[in-house]
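Undergrad: Mind having a look at this structure? Questions to follow.
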Amino acid sequence: MNEIEFQSQIGQDKFVVDTLNNKRNGTFLDVGACFYKQISNTFYLEKNLDWRGIAIDIEDKYRNEWLENRKSTIFVCDDATKIDYRELCVEHNMGDTIDYLSLDLEPPDVTFNALLKILESGLKFRVITFETDFYRYRDTLEPSRKILNEHGYELVVPGIQDDFYVSKEYIQSL
């Protein structure tokens with residue numbers, strides 16, 4: 001199989017690959033998944049490194065393309081701020097520590113509220129990319145950085161569109 005090119009909008013997938021040293025058979029939670037390939041933060045991981053995961057999007061119109069074109073056939077259509085993430089991950093054998101959390105919802109306050117819901121679940125992540133859209137909205141940037149730091153995540157790439165985090169526990173284990 002020929003290697004699929006990176007698909008994410010600003011290098012989120014490449015960051016995950018580099019940070020986790022080309023890890024194979026990883027896991028992801030893709031919140032705000034949208035398109036199965038175009039600007040996907042997880043397509044490359046699945047196609048080239050045999051990752052599996054759960055895609056979440058409020059829009060049901062993306063479901064069929066995901067199910068037809070992705071190996072990760074778990075596509076949840078729901079409000080990301082109301083999901084029981086612990087139950088969802090247990091149901092699909094994802095474990096307590098997931099390799100990658102991609103958070104990309106609209107508008108940023110929804111992304112922030114979904115983050116709070118995910119963090120209250122007690123799940124852990126090795127890498128997180130969090131869309132701040134700081135260039136358009138400024139309200140969630142500092143609160144998201146503060147709460148992620150308090151939950152043990154190191155901001156390693158601050159951005160005007162997305163912030164990239166790595167678990168402090170993961171960094172210490174290297």
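Please note that chains go A, B, ... in the order of the structure tokens, that every chain numbers its residues from 1, and that ligands are numbered from 1 in the order shown.
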I need the strand (DSSP E) residues of segment 35-171 of chain A per DSSP on the backbone, written as number ranges by chain.

TA: A: 52-57, 74-77, 97-103, 124-131, 153-157, 162-167

Undergrad: So that I can check the surroundings of Ile160 of chain A, please list as a ChimeraX atom specification every protein, DNA and RNA residue that reaches within 12 Å of it, counting only C-alpha atoms and ignoring chain neighbours fewer than 6 positions away.

TA: /A:10,130-138,140-141

Undergrad: Selected residues, C-alpha atoms, written as a PDB file, in the first residue's frame, please.

TA:
ATOM      1  CA  ILE A  10      -2.406  22.784   9.946  1.00  0.00           C
ATOM      2  CA  PHE A 130      -7.553  21.859  20.627  1.00  0.00           C
ATOM      3  CA  GLU A 131      -8.998  24.312  18.127  1.00  0.00           C
ATOM      4  CA  THR A 132      -9.025  27.765  19.707  1.00  0.00           C
ATOM      5  CA  ASP A 133      -9.729  29.855  16.612  1.00  0.00           C
ATOM      6  CA  PHE A 134      -8.007  32.641  18.533  1.00  0.00           C
ATOM      7  CA  TYR A 135      -7.823  34.735  15.376  1.00  0.00           C
ATOM      8  CA  ARG A 136     -11.646  34.909  15.376  1.00  0.00           C
ATOM      9  CA  TYR A 137     -12.617  34.430  19.039  1.00  0.00           C
ATOM     10  CA  ARG A 138     -10.577  35.193  22.097  1.00  0.00           C
ATOM     11  CA  THR A 140     -11.725  30.423  25.270  1.00  0.00           C
ATOM     12  CA  LEU A 141      -7.963  30.653  24.721  1.00  0.00           C
TER      13      LEU A 141
END

Undergrad: With distances taken over only C-alpha atoms, which of A:Lys37, A:Lys124, A:Lys23, A:Lys117 is nearest to Trp66 of chain A?

TA: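 Of A:Lys37, A:Lys124, A:Lys23, A:Lys117, the one nearest Trp66 of chain A is A:Lys37, counting only C-alpha atoms.
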
Undergrad: Residues at most 12 Å from Gly11 of chain A, counting only C-alpha atoms, excluding those fewer than 2 positions away in the same chain, as an MDAnalysis selection string?

TA: chainID A and resid 5:9 13:19 39:42 44 129 157 159 161:164

Undergrad: Those same residues - C-alpha atoms - I'd like them written as an mmCIF file, in the first residue's frame.

TA:
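Final output, out26.cif:
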data_model
loop_
_atom_site.group_PDB
_atom_site.id
_atom_site.type_symbol
_atom_site.label_atom_id
_atom_site.label_comp_id
_atom_site.auth_asym_id
_atom_site.auth_seq_id
_atom_site.Cartn_x
_atom_site.Cartn_y
_atom_site.Cartn_z
ATOM 1 C CA GLU A 5 -0.317 11.940 2.635
ATOM 2 C CA PHE A 6 -1.041 13.997 5.720
ATOM 3 C CA GLN A 7 -4.539 15.463 5.524
ATOM 4 C CA SER A 8 -4.996 17.826 8.474
ATOM 5 C CA GLN A 9 -5.419 21.531 7.965
ATOM 6 C CA ASP A 13 -1.702 14.609 12.172
ATOM 7 C CA LYS A 14 2.019 15.164 11.549
ATOM 8 C CA PHE A 15 2.426 16.502 15.081
ATOM 9 C CA VAL A 16 0.811 13.352 16.490
ATOM 10 C CA VAL A 17 2.979 11.091 14.328
ATOM 11 C CA ASP A 18 6.177 12.916 15.314
ATOM 12 C CA THR A 19 5.283 13.190 19.003
ATOM 13 C CA ILE A 39 -8.761 18.227 6.485
ATOM 14 C CA SER A 40 -9.074 15.183 8.759
ATOM 15 C CA ASN A 41 -6.792 15.050 11.788
ATOM 16 C CA THR A 42 -7.049 11.247 12.001
ATOM 17 C CA TYR A 44 -3.465 9.546 8.060
ATOM 18 C CA THR A 129 -5.012 19.257 19.596
ATOM 19 C CA VAL A 157 2.775 24.428 20.227
ATOM 20 C CA GLY A 159 -1.283 28.635 17.819
ATOM 21 C CA GLN A 161 -5.983 28.389 15.252
ATOM 22 C CA ASP A 162 -5.078 25.282 17.307
ATOM 23 C CA ASP A 163 -3.036 24.595 20.421
ATOM 24 C CA PHE A 164 -1.047 21.332 20.561
#

Undergrad: Which residue is closest to His92 of chain A? Choose from A:Tyr170, A:Phe125, A:Phe35, A:Phe28 and count only C-alpha atoms.

TA: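 Residue with the minimum atom-to-atom distance to His92 of chain A: A:Phe28.
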
Undergrad: Considering only C-alpha atoms, can you say which of A:Glu65, A:Asp96, A:Asp30, A:Asp57 comes closest to Cys77 of chain A?

TA: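 So, comparing all the options, the nearest one is A:Asp57.
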
Undergrad: Could you pull the residues within 9 Å of Lys71 of chain A, counting only C-alpha atoms, minus those fewer than 5 positions along the same chain, as a PyMOL selection string?

TA: chain A and resi 46-47+50-53+66

Undergrad: Let me see the file: selected residues, N, CA and C atoms, as a PDB file, in the first residue's frame.

TA:
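The result, written out as again.pdb:
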ATOM      1  N   GLU A  46      -5.044   6.478  10.756  1.00  0.00           N
ATOM      2  CA  GLU A  46      -5.779   5.247  10.495  1.00  0.00           C
ATOM      3  C   GLU A  46      -5.236   4.508   9.280  1.00  0.00           C
ATOM      4  N   LYS A  47      -5.027   5.222   8.191  1.00  0.00           N
ATOM      5  CA  LYS A  47      -4.632   4.585   6.935  1.00  0.00           C
ATOM      6  C   LYS A  47      -3.180   4.107   6.925  1.00  0.00           C
ATOM      7  N   ASP A  50      -2.477   2.180  11.134  1.00  0.00           N
ATOM      8  CA  ASP A  50      -3.452   1.212  11.653  1.00  0.00           C
ATOM      9  C   ASP A  50      -4.078   1.614  12.986  1.00  0.00           C
ATOM     10  N   TRP A  51      -4.349   2.895  13.130  1.00  0.00           N
ATOM     11  CA  TRP A  51      -5.027   3.361  14.331  1.00  0.00           C
ATOM     12  C   TRP A  51      -6.512   3.061  14.223  1.00  0.00           C
ATOM     13  N   ARG A  52      -7.184   3.066  15.367  1.00  0.00           N
ATOM     14  CA  ARG A  52      -8.635   2.928  15.415  1.00  0.00           C
ATOM     15  C   ARG A  52      -9.171   3.982  16.367  1.00  0.00           C
ATOM     16  N   GLY A  53     -10.441   4.314  16.181  1.00  0.00           N
ATOM     17  CA  GLY A  53     -10.970   5.329  17.065  1.00  0.00           C
ATOM     18  C   GLY A  53     -12.444   5.567  16.907  1.00  0.00           C
ATOM     19  N   TRP A  66     -17.959   8.262   6.205  1.00  0.00           N
ATOM     20  CA  TRP A  66     -17.056   7.667   7.194  1.00  0.00           C
ATOM     21  C   TRP A  66     -17.164   6.152   7.168  1.00  0.00           C
TER      22      TRP A  66
END
